[in-house]
Each structure stands twice: as C-alpha cells, then as structure tokens.
$ cat entry_34.csv   # CSV, C-alpha atoms
chain,number,residue,atom,x,y,z
A,1,MET,CA,-20.1,8.7,-45.9
A,2,ARG,CA,-20.1,10.1,-42.4
A,3,THR,CA,-22.3,7.3,-41.1
A,4,LYS,CA,-19.9,4.7,-42.6
A,5,ILE,CA,-16.9,6.3,-40.9
A,6,ILE,CA,-18.8,6.3,-37.6
A,7,LYS,CA,-19.5,2.6,-38.0
A,8,ILE,CA,-15.9,1.8,-38.8
A,9,VAL,CA,-14.7,3.7,-35.7
A,10,VAL,CA,-17.3,2.0,-33.5
A,11,LYS,CA,-16.3,-1.4,-34.8
A,12,CYS,CA,-12.7,-0.7,-34.2
A,13,ILE,CA,-13.4,0.3,-30.6
A,14,LEU,CA,-15.5,-2.9,-30.1
A,15,ALA,CA,-12.7,-5.0,-31.6
A,16,LEU,CA,-10.2,-3.4,-29.2
A,17,LEU,CA,-12.6,-4.2,-26.3
A,18,PHE,CA,-12.8,-7.8,-27.5
A,19,ILE,CA,-9.0,-8.1,-27.6
A,20,ALA,CA,-8.6,-6.5,-24.2
A,21,SER,CA,-11.1,-9.0,-22.7
A,22,ILE,CA,-9.1,-12.0,-23.7
A,23,PRO,CA,-6.8,-12.0,-20.6
A,24,TYR,CA,-9.9,-11.9,-18.4
A,25,TYR,CA,-10.5,-15.6,-19.1
A,26,ASN,CA,-7.3,-16.4,-17.2
A,27,VAL,CA,-8.6,-16.0,-13.6
A,28,VAL,CA,-10.4,-17.8,-10.8
A,29,PHE,CA,-12.7,-16.2,-8.2
A,30,TYR,CA,-12.0,-16.7,-4.6
A,31,SER,CA,-14.1,-17.3,-1.5
A,32,PHE,CA,-12.4,-14.6,0.6
A,33,GLU,CA,-12.7,-14.9,4.4
A,34,PRO,CA,-11.8,-11.6,6.2
A,35,ASN,CA,-8.9,-12.0,8.5
A,36,ALA,CA,-9.5,-11.7,12.2
A,37,PRO,CA,-7.7,-8.8,13.9
A,38,PHE,CA,-4.4,-9.6,15.6
A,39,SER,CA,-4.8,-11.3,18.9
A,40,GLY,CA,-2.9,-13.0,21.7
A,41,GLU,CA,-0.9,-12.1,24.8
A,42,GLN,CA,2.5,-11.8,23.2
A,43,PHE,CA,3.9,-9.4,20.6
A,44,TYR,CA,5.9,-9.8,17.5
A,45,ASN,CA,8.4,-6.9,17.5
A,46,PRO,CA,10.3,-6.5,14.2
A,47,TYR,CA,13.0,-4.4,15.9
A,48,VAL,CA,13.9,-6.8,18.7
A,49,ASN,CA,17.3,-7.7,17.3
A,50,ILE,CA,18.3,-4.6,15.2
A,51,LYS,CA,22.0,-4.2,14.5
A,52,GLY,CA,22.0,-0.4,14.0
A,53,ASN,CA,23.5,-0.9,10.6
A,54,TRP,CA,21.0,1.0,8.5
A,55,ILE,CA,21.0,1.3,4.8
A,56,LYS,CA,19.0,3.7,2.6
A,57,ALA,CA,17.0,2.2,-0.2
A,58,ASN,CA,14.6,3.2,-2.9
A,59,PHE,CA,12.6,0.5,-4.8
A,60,HIS,CA,10.5,2.6,-7.2
A,61,ALA,CA,12.0,4.8,-9.9
A,62,HIS,CA,11.9,4.8,-13.7
A,63,SER,CA,14.4,5.4,-16.4
A,64,LYS,CA,14.1,6.2,-20.1
A,65,LEU,CA,13.1,3.4,-22.4
A,66,LEU,CA,12.4,3.3,-26.2
A,67,GLY,CA,14.1,6.7,-26.7
A,68,GLY,CA,11.9,8.3,-24.1
A,69,LEU,CA,8.6,7.0,-25.3
A,70,LEU,CA,8.1,5.0,-22.1
A,71,HIS,CA,8.6,5.4,-18.4
A,72,GLY,CA,11.2,8.1,-17.3
A,73,ARG,CA,12.8,11.1,-18.8
A,74,ASN,CA,16.4,10.2,-17.9
A,75,THR,CA,18.7,7.3,-18.6
A,76,SER,CA,19.4,4.7,-16.0
A,77,ALA,CA,23.0,6.0,-15.7
A,78,GLU,CA,21.6,9.5,-14.9
A,79,MET,CA,19.1,8.2,-12.4
A,80,TYR,CA,21.8,6.2,-10.6
A,81,GLU,CA,24.2,9.2,-10.6
A,82,THR,CA,21.5,11.2,-8.9
A,83,TYR,CA,20.7,8.6,-6.2
A,84,ASP,CA,24.4,8.0,-5.6
A,85,SER,CA,24.9,11.7,-5.0
A,86,LEU,CA,22.1,11.5,-2.4
A,87,HIS,CA,24.1,8.7,-0.7
A,88,TYR,CA,21.7,5.9,-1.2
A,89,ASP,CA,23.1,2.4,-0.5
A,90,LEU,CA,20.4,0.6,-2.6
A,91,PRO,CA,18.8,2.6,-5.4
A,92,CYS,CA,16.6,0.4,-7.6
A,93,LEU,CA,15.0,1.1,-10.9
A,94,SER,CA,11.6,-0.4,-11.4
A,95,ASN,CA,10.6,0.0,-15.0
A,96,TYR,CA,7.2,-1.4,-16.0
A,97,ASN,CA,7.1,-5.1,-16.6
A,98,SER,CA,10.8,-5.3,-17.4
A,99,LEU,CA,14.1,-5.8,-15.5
A,100,THR,CA,16.8,-3.2,-15.9
A,101,ASP,CA,20.4,-4.2,-16.8
A,102,ASN,CA,22.4,-3.6,-13.6
A,103,SER,CA,25.6,-5.5,-14.4
A,104,ASP,CA,27.7,-2.5,-13.6
A,105,ARG,CA,26.3,-2.0,-10.1
A,106,ASP,CA,28.1,-3.6,-7.1
A,107,PHE,CA,25.0,-3.9,-4.9
A,108,TYR,CA,21.6,-4.3,-6.4
A,109,LEU,CA,18.2,-6.0,-6.2
A,110,ASP,CA,16.3,-6.6,-9.4
A,111,VAL,CA,13.0,-4.8,-9.1
A,112,TYR,CA,10.2,-4.0,-11.5
A,113,GLU,CA,6.8,-2.4,-11.4
A,114,HIS,CA,4.1,-4.8,-12.6
A,115,GLY,CA,0.9,-3.5,-14.0
A,116,ILE,CA,-0.3,-1.6,-17.1
A,117,ASN,CA,-4.0,-1.2,-16.5
A,118,ALA,CA,-6.7,1.4,-16.3
A,119,ALA,CA,-7.3,0.5,-12.6
A,120,ALA,CA,-3.8,1.6,-11.7
A,121,ALA,CA,-3.5,-1.6,-9.6
A,122,HIS,CA,0.3,-2.0,-9.6
A,123,GLN,CA,2.8,-4.1,-7.7
A,124,LEU,CA,6.5,-3.8,-7.0
A,125,VAL,CA,8.3,-7.1,-7.4
A,126,ILE,CA,11.5,-7.0,-5.3
A,127,ASN,CA,14.3,-9.5,-5.9
A,128,ALA,CA,12.7,-10.6,-9.1
A,129,GLU,CA,14.2,-13.4,-11.2
A,130,SER,CA,12.1,-12.4,-14.3
A,131,ALA,CA,9.4,-10.0,-15.3
A,132,THR,CA,5.8,-11.2,-15.7
A,133,LYS,CA,3.9,-9.2,-18.3
A,134,PHE,CA,0.5,-10.7,-17.9
A,135,ASP,CA,-2.2,-8.2,-16.6
A,136,TYR,CA,-5.8,-7.3,-16.9
A,137,PRO,CA,-5.8,-4.0,-18.9
A,138,LEU,CA,-9.2,-2.6,-17.9
A,139,PHE,CA,-11.2,-3.2,-14.7
A,140,GLN,CA,-10.0,-5.4,-11.8
A,141,PHE,CA,-12.1,-7.0,-9.2
A,142,THR,CA,-10.6,-8.2,-5.9
A,143,SER,CA,-10.1,-11.7,-7.3
A,144,HIS,CA,-8.2,-10.3,-10.3
A,145,LYS,CA,-5.9,-8.5,-8.0
A,146,GLN,CA,-5.4,-11.6,-5.8
A,147,TYR,CA,-4.8,-13.8,-8.9
A,148,ILE,CA,-2.0,-11.4,-10.0
A,149,ILE,CA,-0.4,-11.3,-6.6
A,150,ASN,CA,-0.4,-15.1,-6.4
A,151,LYS,CA,1.0,-15.3,-9.9
A,152,LEU,CA,3.8,-12.9,-9.1
A,153,LYS,CA,4.7,-14.3,-5.7
A,154,THR,CA,7.7,-16.7,-5.3
A,155,GLU,CA,9.6,-18.0,-2.3
A,156,ASN,CA,12.5,-15.6,-2.9
A,157,ASN,CA,10.8,-12.4,-3.9
A,158,LEU,CA,8.8,-9.7,-2.1
A,159,ILE,CA,5.5,-8.2,-3.4
A,160,ALA,CA,4.6,-4.7,-2.5
A,161,LEU,CA,1.3,-2.9,-3.3
A,162,ALA,CA,2.4,0.2,-5.2
A,163,HIS,CA,0.7,3.5,-4.3
A,164,PRO,CA,-2.6,1.8,-3.2
A,165,SER,CA,-4.6,4.9,-2.5
A,166,TRP,CA,-3.7,6.4,-5.9
A,167,LYS,CA,-6.9,6.4,-8.0
A,168,ASN,CA,-8.3,4.1,-5.2
A,169,SER,CA,-6.4,1.3,-7.0
A,170,TYR,CA,-6.7,-0.9,-3.8
A,171,ALA,CA,-10.0,-0.1,-2.1
A,172,PHE,CA,-10.4,-0.7,1.6
A,173,SER,CA,-12.6,-3.7,0.7
A,174,ASP,CA,-9.6,-5.2,-1.2
A,175,LEU,CA,-7.3,-4.6,1.7
A,176,GLU,CA,-9.6,-6.4,4.1
A,177,VAL,CA,-9.1,-9.7,2.3
A,178,LEU,CA,-6.0,-9.7,0.0
A,179,GLN,CA,-3.3,-12.1,1.0
A,180,ASN,CA,0.3,-13.1,0.0
A,181,TYR,CA,1.9,-9.7,-0.4
A,182,ASP,CA,4.6,-8.5,2.0
A,183,LEU,CA,4.8,-4.7,1.8
A,184,MET,CA,2.8,-1.6,1.1
A,185,GLU,CA,4.2,1.6,-0.5
A,186,ILE,CA,2.7,4.0,2.1
A,187,LEU,CA,4.8,7.0,0.9
A,188,SER,CA,5.5,8.1,-2.7
A,189,VAL,CA,5.3,11.2,-4.8
A,190,ASN,CA,2.0,9.9,-6.3
A,191,ALA,CA,0.2,9.0,-3.1
A,192,THR,CA,0.3,8.9,0.7
A,193,SER,CA,-1.4,5.6,1.7
A,194,VAL,CA,-0.9,5.5,5.4
A,195,HIS,CA,-4.7,5.1,6.0
A,196,SER,CA,-4.6,2.1,3.6
A,197,TRP,CA,-1.8,0.6,5.7
A,198,ASP,CA,-3.8,1.0,8.9
A,199,HIS,CA,-6.8,-0.6,7.3
A,200,ALA,CA,-4.9,-3.7,6.3
A,201,LEU,CA,-3.2,-3.9,9.7
A,202,SER,CA,-6.6,-3.4,11.5
A,203,ASN,CA,-7.9,-6.4,9.6
A,204,GLY,CA,-5.1,-8.7,10.7
A,205,HIS,CA,-2.7,-8.5,7.7
A,206,VAL,CA,1.0,-8.5,8.5
A,207,VAL,CA,2.2,-5.8,6.1
A,208,TRP,CA,5.4,-3.7,6.4
A,209,ALA,CA,5.8,-0.1,5.2
A,210,LEU,CA,7.9,1.2,2.2
A,211,GLY,CA,8.8,4.7,1.3
A,212,ASN,CA,9.7,5.3,-2.4
A,213,ASP,CA,10.0,8.2,-4.8
A,214,ASP,CA,8.3,6.7,-7.8
A,215,ALA,CA,10.5,9.1,-9.7
A,216,HIS,CA,10.2,9.5,-13.5
A,217,ASP,CA,13.0,12.0,-13.7
A,218,ASN,CA,16.1,13.1,-11.7
A,219,GLU,CA,14.9,16.5,-10.6
A,220,GLU,CA,15.0,17.6,-6.9
A,221,SER,CA,11.2,17.5,-6.9
A,222,SER,CA,11.3,13.8,-7.7
A,223,CYS,CA,14.3,12.2,-6.0
A,224,GLY,CA,15.0,11.8,-2.3
A,225,LEU,CA,11.4,12.6,-1.2
A,226,ALA,CA,10.6,9.2,0.3
A,227,TRP,CA,12.9,6.3,1.2
A,228,THR,CA,13.2,3.1,3.2
A,229,MET,CA,15.8,2.5,5.9
A,230,ILE,CA,16.7,-1.2,6.4
A,231,ASP,CA,18.6,-2.7,9.2
A,232,VAL,CA,21.1,-5.4,8.0
A,233,SER,CA,24.0,-7.2,9.6
A,234,GLU,CA,25.9,-7.1,6.2
A,235,LYS,CA,25.1,-5.4,2.9
A,236,THR,CA,24.0,-8.5,0.9
A,237,LYS,CA,20.8,-9.2,-1.1
A,238,GLU,CA,19.8,-12.0,1.2
A,239,ASN,CA,20.1,-9.8,4.3
A,240,VAL,CA,18.0,-7.1,2.7
A,241,VAL,CA,15.3,-9.5,1.7
A,242,ASN,CA,15.3,-11.2,5.1
A,243,SER,CA,15.1,-7.8,6.9
A,244,LEU,CA,12.3,-6.6,4.7
A,245,LYS,CA,10.4,-9.9,5.3
A,246,ALA,CA,10.9,-9.5,9.1
A,247,GLY,CA,9.9,-5.8,9.2
A,248,ARG,CA,13.3,-4.5,10.3
A,249,SER,CA,12.9,-1.3,8.3
A,250,TYR,CA,11.0,2.0,8.3
A,251,ALA,CA,9.7,4.5,5.8
A,252,THR,CA,10.6,8.1,5.7
A,253,ARG,CA,9.3,11.2,3.9
A,254,GLY,CA,11.6,14.2,3.7
A,255,TRP,CA,13.8,16.3,1.3
A,256,LEU,CA,16.9,15.2,-0.7
A,257,ALA,CA,17.0,12.0,1.4
A,258,GLN,CA,18.5,13.9,4.4
A,259,GLU,CA,18.2,12.0,7.7
A,260,MET,CA,17.5,14.0,10.8
A,261,ASN,CA,17.2,11.2,13.3
A,262,ARG,CA,17.5,7.4,13.6
A,263,LEU,CA,15.9,4.7,15.6
A,264,GLU,CA,17.9,3.4,18.5
A,265,GLU,CA,15.4,1.0,20.1
A,266,ILE,CA,11.8,-0.3,20.0
A,267,SER,CA,10.9,-2.7,22.8
A,268,VAL,CA,7.9,-4.3,24.4
A,269,THR,CA,8.3,-5.4,28.0
A,270,GLU,CA,5.4,-6.5,30.1
A,271,ASN,CA,2.9,-4.9,27.7
A,272,THR,CA,4.8,-1.6,27.7
A,273,TYR,CA,5.9,-0.2,24.3
A,274,ARG,CA,9.0,1.9,24.3
A,275,ILE,CA,10.6,3.8,21.5
A,276,LYS,CA,14.0,5.4,21.8
A,277,MET,CA,15.5,7.7,19.2
A,278,GLU,CA,19.2,8.8,18.8
A,279,ARG,CA,18.3,12.4,19.5
A,280,PRO,CA,15.2,14.3,20.8
A,281,ALA,CA,12.5,14.6,18.1
A,282,ASP,CA,10.0,17.4,17.6
A,283,SER,CA,7.2,14.8,18.2
A,284,ILE,CA,6.7,11.1,18.6
A,285,THR,CA,3.2,9.7,18.0
A,286,LEU,CA,1.9,6.2,18.7
A,287,ILE,CA,-0.9,4.9,16.5
A,288,SER,CA,-3.0,1.8,16.9
A,289,ASP,CA,-6.1,0.2,15.3
A,290,ARG,CA,-7.9,2.2,12.5
A,291,GLY,CA,-5.3,4.9,12.8
A,292,GLU,CA,-6.2,6.0,16.3
A,293,VAL,CA,-3.6,8.1,18.1
A,294,VAL,CA,-3.0,6.5,21.5
A,295,ALA,CA,0.0,8.5,22.8
A,296,THR,CA,2.1,11.5,21.8
A,297,ALA,CA,5.0,13.5,23.2
A,298,ILE,CA,7.0,16.5,22.0
A,299,ASN,CA,10.7,17.4,22.3
A,300,THR,CA,11.8,14.0,23.5
A,301,ASP,CA,13.9,11.0,22.4
A,302,VAL,CA,11.8,8.5,24.4
A,303,LEU,CA,8.1,7.6,24.5
A,304,GLU,CA,6.5,4.8,26.6
A,305,TYR,CA,3.0,3.5,26.4
A,306,VAL,CA,1.2,0.7,28.3
A,307,ILE,CA,-0.6,-1.3,25.5
A,308,LYS,CA,-4.3,-1.7,26.1
A,309,GLN,CA,-6.1,-5.0,25.5
A,310,GLU,CA,-8.0,-3.5,22.6
A,311,ASN,CA,-4.7,-2.4,20.8
A,312,THR,CA,-4.0,-5.2,18.3
A,313,TYR,CA,-0.9,-3.4,17.1
A,314,VAL,CA,1.0,-0.2,17.9
A,315,ARG,CA,3.2,1.7,15.5
A,316,ALA,CA,5.2,5.0,15.8
A,317,GLU,CA,5.6,8.1,13.7
A,318,VAL,CA,8.5,10.5,14.5
A,319,PHE,CA,8.4,14.0,13.2
A,320,GLU,CA,11.5,16.3,12.8
A,321,THR,CA,11.8,19.9,11.6
A,322,GLU,CA,14.8,22.1,10.9
A,323,GLU,CA,15.1,25.4,9.2
A,324,TRP,CA,17.6,24.0,6.7
A,325,ASN,CA,15.5,21.0,5.7
A,326,GLY,CA,11.8,21.6,6.3
A,327,TYR,CA,10.9,18.3,7.9
A,328,THR,CA,11.3,14.5,7.9
A,329,LYS,CA,8.7,12.1,9.1
A,330,MET,CA,9.5,8.5,9.9
A,331,TYR,CA,6.9,5.7,9.9
A,332,PHE,CA,8.0,2.6,11.9
A,333,ASN,CA,6.5,-0.8,11.5
A,334,PRO,CA,4.1,-2.0,14.2
A,335,VAL,CA,4.5,-4.4,17.0
A,336,ILE,CA,1.8,-7.0,16.5
A,337,ARG,CA,-0.3,-9.0,18.9
A,338,ASN,CA,-0.2,-12.8,18.5
A,339,ALA,CA,-0.1,-16.0,20.5
A,340,GLU,CA,3.6,-17.0,19.9
A,341,GLY,CA,5.5,-13.8,19.4
A,342,LYS,CA,6.4,-14.6,15.8
A,343,ILE,CA,4.9,-14.3,12.3
A,344,ASP,CA,4.3,-16.9,9.6
A,345,PRO,CA,5.3,-15.6,6.1
A,346,SER,CA,4.2,-18.7,4.3
A,347,PHE,CA,2.0,-18.6,1.2
A,348,THR,CA,-1.8,-18.7,2.0
A,349,GLU,CA,-4.0,-20.9,-0.1
A,350,ILE,CA,-7.3,-19.3,-0.7
A,351,GLU,CA,-10.4,-21.3,-1.4
A,352,ILE,CA,-11.7,-21.0,-5.0
A,353,SER,CA,-15.4,-20.3,-5.5
A,354,TRP,CA,-16.3,-22.3,-8.6
A,355,PHE,CA,-19.8,-21.0,-8.7
A,356,LYS,CA,-18.6,-17.4,-8.9
A,357,THR,CA,-15.9,-18.4,-11.4
A,358,ILE,CA,-18.3,-20.2,-13.8
A,359,LEU,CA,-20.9,-17.5,-13.5
A,360,TYR,CA,-18.2,-14.9,-14.4
A,361,PHE,CA,-17.1,-16.9,-17.4
A,362,ILE,CA,-20.7,-17.2,-18.7
A,363,ILE,CA,-21.3,-13.5,-18.4
A,364,LEU,CA,-17.9,-12.7,-20.0
A,365,LEU,CA,-18.6,-15.1,-22.9
A,366,ILE,CA,-22.1,-13.6,-23.5
A,367,ILE,CA,-20.6,-10.1,-23.6
A,368,ASN,CA,-17.9,-11.3,-26.1
A,369,VAL,CA,-20.5,-13.1,-28.3
A,370,LEU,CA,-22.5,-9.8,-28.4
A,371,LEU,CA,-19.4,-7.8,-29.3
A,372,ILE,CA,-18.6,-10.2,-32.2
A,373,ARG,CA,-22.1,-10.2,-33.4
A,374,VAL,CA,-22.2,-6.4,-33.5
A,375,ILE,CA,-18.8,-6.2,-35.3
A,376,ILE,CA,-19.8,-8.7,-38.0
A,377,LYS,CA,-23.5,-7.8,-38.5
A,378,TRP,CA,-23.6,-4.1,-38.1
$ encode --input "entry_34.csv" --output "structure tokens"
Amino acid sequence: MRTKIIKIVVKCILALLFIASIPYYNVVFYSFEPNAPFSGEQFYNPYVNIKGNWIKANFHAHSKLLGGLLHGRNTSAEMYETYDSLHYDLPCLSNYNSLTDNSDRDFYLDVYEHGINAAAAHQLVINAESATKFDYPLFQFTSHKQYIINKLKTENNLIALAHPSWKNSYAFSDLEVLQNYDLMEILSVNATSVHSWDHALSNGHVVWALGNDDAHDNEESSCGLAWTMIDVSEKTKENVVNSLKAGRSYATRGWLAQEMNRLEEISVTENTYRIKMERPADSITLISDRGEVVATAINTDVLEYVIKQENTYVRAEVFETEEWNGYTKMYFNPVIRNAEGKIDPSFTEIEISWFKTILYFIILLIINVLLIRVIIKW
C-alpha cells in the first residue's frame, strides 16, 4: 500500500513537471554578441535640459487580491491612502500579471509586475496597455529572459528589470548581453542592485535607475523607503514616459519618502563633469566603470571631475544624514560617452541561433517523452 502511494505521488510530480514544461516550447535561442563599452568623444547627458519640476514616483507595490490570498495585505485604496500621505505624485500598484483598476485616480500610469517563476526573473511593465501572463515557471536561461523582454516590449511602454540581484535572478552574464529593456530597479526592499547596474553600464547598455518599495503592505517598514524622482515639464503620462526614456530621473533610498536635497544641475563641459545640488550634502561621490570611485567630496554642494579617457560613463551618488531622518542617498543616472551626444532607444533585433534552438527542442522533447513513459509504464 505504501509503495502504491509513493508511485502515485511520484507520478503526480512528474505530471506537473510535464505540464510546467509546455511553455518552454515557445522560445528561440539567440546568438548574443556582447556590447562594446561606451565610446566616443562626446557625452550624452540626461540632465542637460532639466526643468526643475520634480515629481515623486513609485512603480512597484502590491495590493490585496482574491481576499488576501495573493500579493499584498492591504486594499488598493489603503495603499493609495498611504502613498498620498507621503506626498507621492505618482504612486503605482504593480500586481503580478494583472492591471489594477485606477479609474478613480487623476494621474496614473498602468504598471504591472510580470513573472511568476522559480527563477525570480521579474519585469516591471510601465505604461502597459494590457497584462501578458505567459512565463516560464521553472528555470530560465538568458534566451528565455530575452524572449520575455522582447514579448513584453512595445513602442509606448517601458520595461524595467525588477530586483535583478534578488536570488541572482539576473546574473552578470545575463546583464552583459540582454537588450531592449529601459530601466533597472537598483533600489527596493528586496534587493540593492547597484552593482548589477554598473555591470550593465560597463558593458555598454544604456539603462536608467529606478528606486521602488516593492511594498506588500502599508507599514512604515515597507512604504517610502525607495522612490524615483522624475523631471517633467508638465504632469502628464507622456511626459513621465519620455523623461524616463531619456534618463531625466534619479533613484533615492531613505525613510518615509522624505527628501533632504535636490539636484540643481549636472553638466559636462570640455570633458569636465559638474554636479550642483540645492544645498551642501554630507558627501558626493562619482563612480565610473565597474563601480570604481573616481572622485569624492564632503560637506559641499558642488563636485567637478575631469573625465579620463578610460571613463566610459560617470554617475553620481549623493549622501545626506540628519538626526531626524537617518539618511537619504540619491543615485543619479550616468553621463555616457558616445560619438554623437545622443542615445538610440530603438528596438534591437538579435540574431537567432537556429542550431541552439533546434538542439534545445530535441533535448526538451526527449525529456518529455521519458516523463510520459515513466508516468504511463511505471
């Protein structure tokens, strides 16, 4: 009797594995070519034309669904009430693989978190028109991740890699080659992924930073810990999307979304990088390729640095402390070397490796045949 029960349990597990393997037939494998590092004698500066009209945004938070069985522990109304009390201009709920009804909000972007998989490879889809539920539930190779990104990407939306260092969901080897995403969530409650950001930048990928809570409740320990400041001429969806695409934003970590300083200017003149804050900061640090610190200053509102030829990008981190607030740390997007002083956000077509694709399908088919044989014959 015991042996019979064990057989039934094993067959059920094998049957579930067979079902979970079905989505894996919907993929192609790519011939990835690593990007060259940024190069050129000019610089793209995302802050060259900032208006100084900063709005505070969060693109990653969850509300209660199915009576609390999924996602968050509070209703959408309770989550919005909390973010409104913290003076957010643009709080967005990003429930898994579904759009939230926001018809009662005056200013909103539809956002959802795509991905329900053991690999924890998730993406935030910002300004989404609909929610794509397709995913690979178990393992994901780099080609699976790229195929999902390509499937999610449209002309009007933005794709952000969510908490990439959490569970190593996006390994450095992934970040060396992945294309067609716009943003990276470098700050969240789940993970700090600044090193992942530097790795992507060092490999020539134009990726801008996001700070988000990834809140699953409305407690003080969940909300207002990481946010994104966006410079817009007017508070419209189109302006928010365009500013995020251009990098006119920065990510902040802190407490209860309290700002302690703001950016006034970042400029590049004759290879000299200059950052100016509204008030003196405890420290300003400049960082370049592979996360190397190239300049630092304390108790100042200005830092200048002559960019060296080996610096393919330069970005700033500004640190503030106060007795009443602990600290805030601001992560500014990099100025990037290139030939023309501008970026190309167009979709990149990646060559398909038909040999790898066919070999993968053969191996997957053999595994599935063996699973079926065991289920039927054993």
$ residues_around --input "entry_34.csv" --residues "Leu303 in chain A" --least-positions-apart "5" --cutoff "8 Å" --atoms "all atoms listed in the file" --output "list in words"
Arg274, Ile275, Lys276, Ile284, Thr296 and Ala297 of chain A
$ write_last_selection --input "entry_34.csv" --atoms "C-alpha atoms" --output "compact mmCIF listing (two decimals), keeping the file's coordinate frame"
# COMPACT_ATOMS: atom_id res chain seq x y z
CA ARG A 274 9.00 1.90 24.30
CA ILE A 275 10.60 3.80 21.50
CA LYS A 276 14.00 5.40 21.80
CA ILE A 284 6.70 11.10 18.60
CA THR A 296 2.10 11.50 21.80
CA ALA A 297 5.00 13.50 23.20
$ residues_around --input "entry_34.csv" --residues "Tyr83 in chain A" --least-positions-apart "2" --cutoff "12 Å" --atoms "only C-alpha atoms" --output "count of residues only"
34
$ atom_distance --input "entry_34.csv" --atom1 "CA of Glu185 in chain A" --atom2 "CA of Gly291 in chain A"
16.7 Å
$ closest_residue --input "entry_34.csv" --among "A:Phe107, A:Phe18, A:Phe32, A:Phe139" --to "Thr236 in chain A" --atoms "all atoms listed in the file"
A:Phe107
$ atom_distance --input "entry_34.csv" --atom1 "CA of Pro280 in chain A" --atom2 "CA of Asn261 in chain A"
8.4 Å
$ atom_distance --input "entry_34.csv" --atom1 "CA of Glu310 in chain A" --atom2 "CA of Pro46 in chain A"
20.4 Å
$ residues_near_point --input "entry_34.csv" --point "(1.9, -7.7, 23.4)" --cutoff "10 Å" --atoms "all atoms listed in the file" --output "PyMOL selection string"
chain A and resi 39-45+268-273+306-309+311-314+335-339+341
$ closest_residue --input "entry_34.csv" --among "A:Glu322, A:Asp182, A:Asp282, A:Asp289" --to "Gly254 in chain A" --atoms "only C-alpha atoms"
A:Glu322
$ residues_around --input "entry_34.csv" --residues "Val206 in chain A" --least-positions-apart "4" --cutoff "12 Å" --atoms "all atoms listed in the file" --output "VMD selection string"
chain A and resid 35 to 38 44 to 46 175 to 184 197 to 202 245 to 247 312 to 313 333 to 338 342 to 346
$ residues_around --input "entry_34.csv" --residues "Ile22 in chain A" --least-positions-apart "5" --cutoff "12 Å" --atoms "all atoms listed in the file" --output "JSON, numbers by chain"
{"A": [15, 16, 17, 27, 134, 135, 136, 137, 138, 361, 364, 365, 367, 368]}
$ residues_around --input "entry_34.csv" --residues "Thr142 in chain A" --least-positions-apart "6" --cutoff "9 Å" --atoms "all atoms listed in the file" --output "PyMOL selection string"
chain A and resi 29-30+170-171+173-174+177-178
